[in-house]
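K.L.:
Dumping the structure here so I can ask a few things about it.
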Amino acid sequence: MSTVRDVMTTPVVTVRPDTPFKQVVAAVRAVGAIPVVDDCGRVLGIVCEHDLLAEKVILERSAGRPAAARRHGGRGKAAAATAASVMTSPAVTTRAQATAGEAARLMCRHRLGSLPVVDAGGRLIGIISRGDVLAGFTRQDGDIHREVVRDLITRQFLLNPQAFTVTVGDGIVTLSGRPESDQVGHLLAAAVRRVEGVAGLRDQMRYPAGRTAGWRVLPPLQPW
């Protein structure tokens with residue numbers, strides 16, 4: 001299972017809190033999202049296209065007010081704005097050792113297009129985007145098969161791989177066999193659905209309680 005470190009982009013284009021608004025706009029247009037860091041490289045916030053659009057709305061509303069109102073309540077010209085004034089803070093971040101699936105769940109939960117990747121001290125070491133995590137769905141069926149049999153059935157669950165039959169086609173995993181208990185079967189099925197690149201699971205296992213799941217295709221576990 002790939003980690004954030006495997007798919008993150010590095011080095012990262014960044015800005016400082018006092019970077020002028022127009023430079024921030026140019027940077028965001030070039031790469032989509034820009035972490036704002038301090039002198040030690042710690043992430044203070046992030047600026048994305050949504051932040052810039054919100055700033056544009058504020059500026060246009062301010063420009064439509066009478067001059068006296070703008071002086072008291074308006075933000076002023078875009079030239080006076082900086083990265084610190086438009087960034088989202090604190091930024092939602094992830095760690096390099098997190099899985100790509102965990103990063104995807106964070107992005108989905110917070111409706112983000114990118115996540116800064118930080119070390120234990122909060123210092124920026126990379127960035128991961130939606131495209132990076134979606135790349136997992138292009139995994140080859142053979143790679144998925146090896147991970148299910150070798151990493152899950154054999155190593156994680158300590159089961160006899162010969163007791164199960166695993167086939168993979170177009171990202172759909174078909175799993176048959178007889179788990180030692182209902183709980184083990186349910187946990188194994190859930191783990192398979194979390195494997196990167198799995199588009200769905202046909203659970204054909206014969207559960208000890210007498211229930212067979214049938215050919216209903218279960219989707220991968222949702223990232224939220």
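Ordering of the structure tokens sets the chain letters (A, B, ...); residue numbers start at 1 within each chain; ligands are numbered from 1 in the order shown.
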Could you give me the residues within region 126-176 of chain A that DSSP places in strand (DSSP E or B), as JSON, numbers by chain?
P.N.:
{"A": [126, 127, 128, 129, 164, 165, 166, 167, 168, 169, 172, 173, 174, 175, 176]}
K.L.:
Skipping near chain neighbours, those fewer than 4 positions away, what residues fall within 12 Å of Val12 (chain A) using only C-alpha atoms, listed as a list of chain:residue names?
P.N.:
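The neighbour list is A:Met8, A:Ala27, A:Val31, A:Gly32, A:Ala33, A:Ile34, A:Pro35, A:Val36, A:Val37, A:Gly41, A:Val43, A:Ser114, A:Leu115, A:Pro116, A:Val117, A:Val118, A:Arg123, A:Leu124, A:Ile125, A:Gly126, A:Ile127, A:Ile128, A:Ser129.
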K.L.:
Go ahead and write the selection's residues with N, CA and C atoms as a PDB file, in the first residue's frame.
P.N.:
```
ATOM      1  N   MET A   8       3.937  12.101  -3.158  1.00  0.00           N
ATOM      2  CA  MET A   8       3.947  13.556  -2.959  1.00  0.00           C
ATOM      3  C   MET A   8       4.926  14.244  -3.909  1.00  0.00           C
ATOM      4  N   ALA A  27       1.516  32.604  -8.453  1.00  0.00           N
ATOM      5  CA  ALA A  27       1.981  31.294  -7.992  1.00  0.00           C
ATOM      6  C   ALA A  27       0.845  30.284  -7.960  1.00  0.00           C
ATOM      7  N   VAL A  31       0.487  26.573 -10.037  1.00  0.00           N
ATOM      8  CA  VAL A  31       0.541  25.227  -9.436  1.00  0.00           C
ATOM      9  C   VAL A  31      -0.736  24.819  -8.703  1.00  0.00           C
ATOM     10  N   GLY A  32      -1.709  25.713  -8.551  1.00  0.00           N
ATOM     11  CA  GLY A  32      -2.994  25.336  -7.974  1.00  0.00           C
ATOM     12  C   GLY A  32      -3.179  25.637  -6.504  1.00  0.00           C
ATOM     13  N   ALA A  33      -2.158  25.412  -5.688  1.00  0.00           N
ATOM     14  CA  ALA A  33      -2.248  25.686  -4.246  1.00  0.00           C
ATOM     15  C   ALA A  33      -0.847  25.950  -3.724  1.00  0.00           C
ATOM     16  N   ILE A  34      -0.735  26.930  -2.819  1.00  0.00           N
ATOM     17  CA  ILE A  34       0.575  27.360  -2.335  1.00  0.00           C
ATOM     18  C   ILE A  34       0.596  27.349  -0.811  1.00  0.00           C
ATOM     19  N   PRO A  35       1.468  26.538  -0.195  1.00  0.00           N
ATOM     20  CA  PRO A  35       1.631  26.624   1.257  1.00  0.00           C
ATOM     21  C   PRO A  35       2.317  27.933   1.648  1.00  0.00           C
ATOM     22  N   VAL A  36       1.886  28.477   2.775  1.00  0.00           N
ATOM     23  CA  VAL A  36       2.515  29.678   3.333  1.00  0.00           C
ATOM     24  C   VAL A  36       3.360  29.212   4.513  1.00  0.00           C
ATOM     25  N   VAL A  37       4.666  29.509   4.460  1.00  0.00           N
ATOM     26  CA  VAL A  37       5.584  29.006   5.483  1.00  0.00           C
ATOM     27  C   VAL A  37       6.328  30.158   6.150  1.00  0.00           C
ATOM     28  N   GLY A  41      10.330  27.143   7.800  1.00  0.00           N
ATOM     29  CA  GLY A  41       9.684  26.165   6.935  1.00  0.00           C
ATOM     30  C   GLY A  41       8.429  25.553   7.517  1.00  0.00           C
ATOM     31  N   VAL A  43       4.529  25.230   8.273  1.00  0.00           N
ATOM     32  CA  VAL A  43       3.344  25.620   7.504  1.00  0.00           C
ATOM     33  C   VAL A  43       2.409  26.459   8.363  1.00  0.00           C
ATOM     34  N   SER A 114      -5.531  19.928  -2.297  1.00  0.00           N
ATOM     35  CA  SER A 114      -4.133  19.630  -1.997  1.00  0.00           C
ATOM     36  C   SER A 114      -3.922  19.607  -0.492  1.00  0.00           C
ATOM     37  N   LEU A 115      -2.913  18.859  -0.072  1.00  0.00           N
ATOM     38  CA  LEU A 115      -2.533  18.797   1.340  1.00  0.00           C
ATOM     39  C   LEU A 115      -1.026  18.990   1.468  1.00  0.00           C
ATOM     40  N   PRO A 116      -0.572  19.954   2.263  1.00  0.00           N
ATOM     41  CA  PRO A 116       0.855  20.031   2.572  1.00  0.00           C
ATOM     42  C   PRO A 116       1.266  18.803   3.388  1.00  0.00           C
ATOM     43  N   VAL A 117       2.455  18.298   3.131  1.00  0.00           N
ATOM     44  CA  VAL A 117       2.994  17.164   3.880  1.00  0.00           C
ATOM     45  C   VAL A 117       4.066  17.704   4.823  1.00  0.00           C
ATOM     46  N   VAL A 118       3.938  17.416   6.110  1.00  0.00           N
ATOM     47  CA  VAL A 118       4.843  17.997   7.100  1.00  0.00           C
ATOM     48  C   VAL A 118       5.525  16.904   7.913  1.00  0.00           C
ATOM     49  N   ARG A 123       7.200  21.149   9.770  1.00  0.00           N
ATOM     50  CA  ARG A 123       7.927  21.742   8.651  1.00  0.00           C
ATOM     51  C   ARG A 123       7.540  21.055   7.337  1.00  0.00           C
ATOM     52  N   LEU A 124       7.410  21.861   6.309  1.00  0.00           N
ATOM     53  CA  LEU A 124       6.954  21.374   5.008  1.00  0.00           C
ATOM     54  C   LEU A 124       8.011  20.491   4.359  1.00  0.00           C
ATOM     55  N   ILE A 125       7.578  19.301   3.881  1.00  0.00           N
ATOM     56  CA  ILE A 125       8.505  18.427   3.156  1.00  0.00           C
ATOM     57  C   ILE A 125       7.952  18.009   1.793  1.00  0.00           C
ATOM     58  N   GLY A 126       6.703  18.331   1.497  1.00  0.00           N
ATOM     59  CA  GLY A 126       6.115  17.971   0.219  1.00  0.00           C
ATOM     60  C   GLY A 126       4.675  18.418   0.144  1.00  0.00           C
ATOM     61  N   ILE A 127       4.008  18.090  -0.948  1.00  0.00           N
ATOM     62  CA  ILE A 127       2.588  18.394  -1.108  1.00  0.00           C
ATOM     63  C   ILE A 127       1.958  17.287  -1.938  1.00  0.00           C
ATOM     64  N   ILE A 128       0.702  16.962  -1.637  1.00  0.00           N
ATOM     65  CA  ILE A 128      -0.003  15.905  -2.360  1.00  0.00           C
ATOM     66  C   ILE A 128      -1.320  16.467  -2.865  1.00  0.00           C
ATOM     67  N   SER A 129      -1.686  16.109  -4.100  1.00  0.00           N
ATOM     68  CA  SER A 129      -2.893  16.638  -4.733  1.00  0.00           C
ATOM     69  C   SER A 129      -3.899  15.524  -4.969  1.00  0.00           C
TER      70      SER A 129
END
```
K.L.:
Using only C-alpha atoms, find each residue in region 85-118 of chain A having at least one atom no more than 10 Å away from region 49-63 of chain A; report its shortest atom-to-atom pair and that distance in Å (one decimal), rows by chain then rising number, as a tab-separated table.
P.N.:
```
residue	atom	partner	partner_atom	distance
A:Ser85	CA	A:Glu55	CA	9.1
A:Val86	CA	A:Asp51	CA	6.1
A:Met87	CA	A:Asp51	CA	6.5
A:Thr88	CA	A:Asp51	CA	7.2
A:Leu112	CA	A:His50	CA	9.8
A:Gly113	CA	A:Glu49	CA	9.7
```
K.L.:
Compile the contact shell of Thr154 (chain A) as a short mmCIF file (atom, residue, chain, number, x, y, z; two decimals) with C-alpha atoms, in the first residue's frame: residues with an atom at most 12 Å away, counting only C-alpha atoms, same-chain residues fewer than 6 positions apart removed.
P.N.:
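Saved to out.cif:
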```cif
data_model
loop_
_atom_site.label_atom_id
_atom_site.label_comp_id
_atom_site.auth_asym_id
_atom_site.auth_seq_id
_atom_site.Cartn_x
_atom_site.Cartn_y
_atom_site.Cartn_z
CA ARG A 146 -0.17 -9.63 -4.95
CA GLU A 147 -1.02 -7.14 -2.22
CA VAL A 148 -4.26 -8.90 -1.28
CA ASN A 160 -3.34 -19.80 4.71
CA PRO A 161 -3.47 -18.22 1.24
CA GLN A 162 -4.36 -21.61 -0.27
CA ALA A 163 -7.66 -21.47 1.63
CA PHE A 164 -8.78 -18.50 -0.49
CA LEU A 188 -10.59 -9.20 5.63
#
```
K.L.:
Taking only C-alpha atoms into account, which of A:Gly121, A:Gly136, A:Arg194, A:Arg178 comes nearest Leu152 (chain A)?
P.N.:
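Of A:Gly121, A:Gly136, A:Arg194, A:Arg178, the one nearest Leu152 (chain A), counting only C-alpha atoms, is A:Arg194.
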K.L.:
Neighbouring residues of Gln183 (chain A) were defined as those with any atom within 12 Å, considering only C-alpha atoms; residues of the same chain fewer than 3 positions away were excluded. Please report them as a ChimeraX atom specification.
P.N.:
/A:157,178-180,186-190,207-209
K.L.:
Using N, CA and C atoms, can you write the selected residues to a file as a PDB file, in the first residue's frame?
P.N.:
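So result.pdb came out as:
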```
ATOM      1  N   PHE A 157      -3.230 -10.977   8.192  1.00  0.00           N
ATOM      2  CA  PHE A 157      -4.220 -11.821   8.869  1.00  0.00           C
ATOM      3  C   PHE A 157      -3.676 -13.197   9.246  1.00  0.00           C
ATOM      4  N   ARG A 178     -13.165 -19.821   2.914  1.00  0.00           N
ATOM      5  CA  ARG A 178     -13.900 -19.943   4.171  1.00  0.00           C
ATOM      6  C   ARG A 178     -13.052 -19.376   5.306  1.00  0.00           C
ATOM      7  N   PRO A 179     -13.354 -18.170   5.789  1.00  0.00           N
ATOM      8  CA  PRO A 179     -12.612 -17.605   6.920  1.00  0.00           C
ATOM      9  C   PRO A 179     -12.892 -18.385   8.193  1.00  0.00           C
ATOM     10  N   GLU A 180     -11.977 -18.281   9.160  1.00  0.00           N
ATOM     11  CA  GLU A 180     -12.125 -19.059  10.390  1.00  0.00           C
ATOM     12  C   GLU A 180     -13.264 -18.562  11.269  1.00  0.00           C
ATOM     13  N   HIS A 186     -15.258 -10.547   7.846  1.00  0.00           N
ATOM     14  CA  HIS A 186     -15.669  -9.149   7.683  1.00  0.00           C
ATOM     15  C   HIS A 186     -14.461  -8.213   7.687  1.00  0.00           C
ATOM     16  N   LEU A 187     -13.504  -8.482   8.573  1.00  0.00           N
ATOM     17  CA  LEU A 187     -12.309  -7.638   8.637  1.00  0.00           C
ATOM     18  C   LEU A 187     -11.474  -7.775   7.372  1.00  0.00           C
ATOM     19  N   LEU A 188     -11.345  -8.992   6.857  1.00  0.00           N
ATOM     20  CA  LEU A 188     -10.586  -9.202   5.627  1.00  0.00           C
ATOM     21  C   LEU A 188     -11.252  -8.490   4.457  1.00  0.00           C
ATOM     22  N   ALA A 189     -12.571  -8.614   4.354  1.00  0.00           N
ATOM     23  CA  ALA A 189     -13.281  -7.940   3.262  1.00  0.00           C
ATOM     24  C   ALA A 189     -13.099  -6.434   3.334  1.00  0.00           C
ATOM     25  N   ALA A 190     -13.188  -5.871   4.546  1.00  0.00           N
ATOM     26  CA  ALA A 190     -12.996  -4.422   4.708  1.00  0.00           C
ATOM     27  C   ALA A 190     -11.585  -4.017   4.328  1.00  0.00           C
ATOM     28  N   TYR A 207     -19.122 -17.859   4.999  1.00  0.00           N
ATOM     29  CA  TYR A 207     -18.966 -17.515   6.410  1.00  0.00           C
ATOM     30  C   TYR A 207     -19.425 -18.680   7.292  1.00  0.00           C
ATOM     31  N   PRO A 208     -18.746 -18.921   8.430  1.00  0.00           N
ATOM     32  CA  PRO A 208     -19.096 -20.033   9.320  1.00  0.00           C
ATOM     33  C   PRO A 208     -20.553 -20.034   9.760  1.00  0.00           C
ATOM     34  N   ALA A 209     -21.160 -18.867   9.859  1.00  0.00           N
ATOM     35  CA  ALA A 209     -22.558 -18.787  10.291  1.00  0.00           C
ATOM     36  C   ALA A 209     -23.536 -19.252   9.210  1.00  0.00           C
TER      37      ALA A 209
END
```
K.L.:
CA of Ala120 (chain A) and CA of Val13 (chain A), how far apart in Å?
P.N.:
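Going from CA of Val13 (chain A) over to CA of Ala120 (chain A) covers 20.3 Å.
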K.L.:
Using 12 Å as the limit and counting only C-alpha atoms, can you tabulate each residue of region 152-207 of chain A that touches region 137-140 of chain A, with its shortest atom-to-atom distance in Å and the two atoms involved, as a tab-separated table?
P.N.:
```
residue	atom	partner	partner_atom	distance
A:Val168	CA	A:Gln140	CA	9.4
A:Gly169	CA	A:Gln140	CA	9.3
A:Asp170	CA	A:Gln140	CA	8.3
A:Gly171	CA	A:Phe137	CA	7.6
A:Ile172	CA	A:Phe137	CA	10.9
A:Arg194	CA	A:Phe137	CA	11.8
A:Val195	CA	A:Phe137	CA	10.1
A:Glu196	CA	A:Phe137	CA	6.9
A:Gly197	CA	A:Phe137	CA	4.1
A:Val198	CA	A:Phe137	CA	7.0
A:Ala199	CA	A:Phe137	CA	7.4
A:Gly200	CA	A:Phe137	CA	11.1
```
K.L.:
Store the residues of this selection in a file with C-alpha atoms, as a PDB file, in the first residue's frame.
P.N.:
```pdb
ATOM      1  CA  VAL A 168      -8.812  -9.335  -9.975  1.00  0.00           C
ATOM      2  CA  GLY A 169     -10.275  -7.845 -13.153  1.00  0.00           C
ATOM      3  CA  ASP A 170     -10.406  -4.132 -13.959  1.00  0.00           C
ATOM      4  CA  GLY A 171      -9.838  -3.357 -10.279  1.00  0.00           C
ATOM      5  CA  ILE A 172     -12.730  -5.580  -9.107  1.00  0.00           C
ATOM      6  CA  ARG A 194      -9.197  -0.323   1.380  1.00  0.00           C
ATOM      7  CA  VAL A 195      -6.400  -1.545  -0.900  1.00  0.00           C
ATOM      8  CA  GLU A 196      -5.220   1.164  -3.252  1.00  0.00           C
ATOM      9  CA  GLY A 197      -6.640   0.681  -6.729  1.00  0.00           C
ATOM     10  CA  VAL A 198      -9.548  -1.576  -5.704  1.00  0.00           C
ATOM     11  CA  ALA A 199     -12.697  -0.398  -7.473  1.00  0.00           C
ATOM     12  CA  GLY A 200     -14.992  -2.940  -5.808  1.00  0.00           C
TER      13      GLY A 200
END
```
K.L.:
Taking only C-alpha atoms into account, which of A:Gly122, A:Cys108, A:Thr3, A:Thr99 comes nearest Gly45 (chain A)?
P.N.:
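Selected residue with least distance to Gly45 (chain A): A:Gly122.
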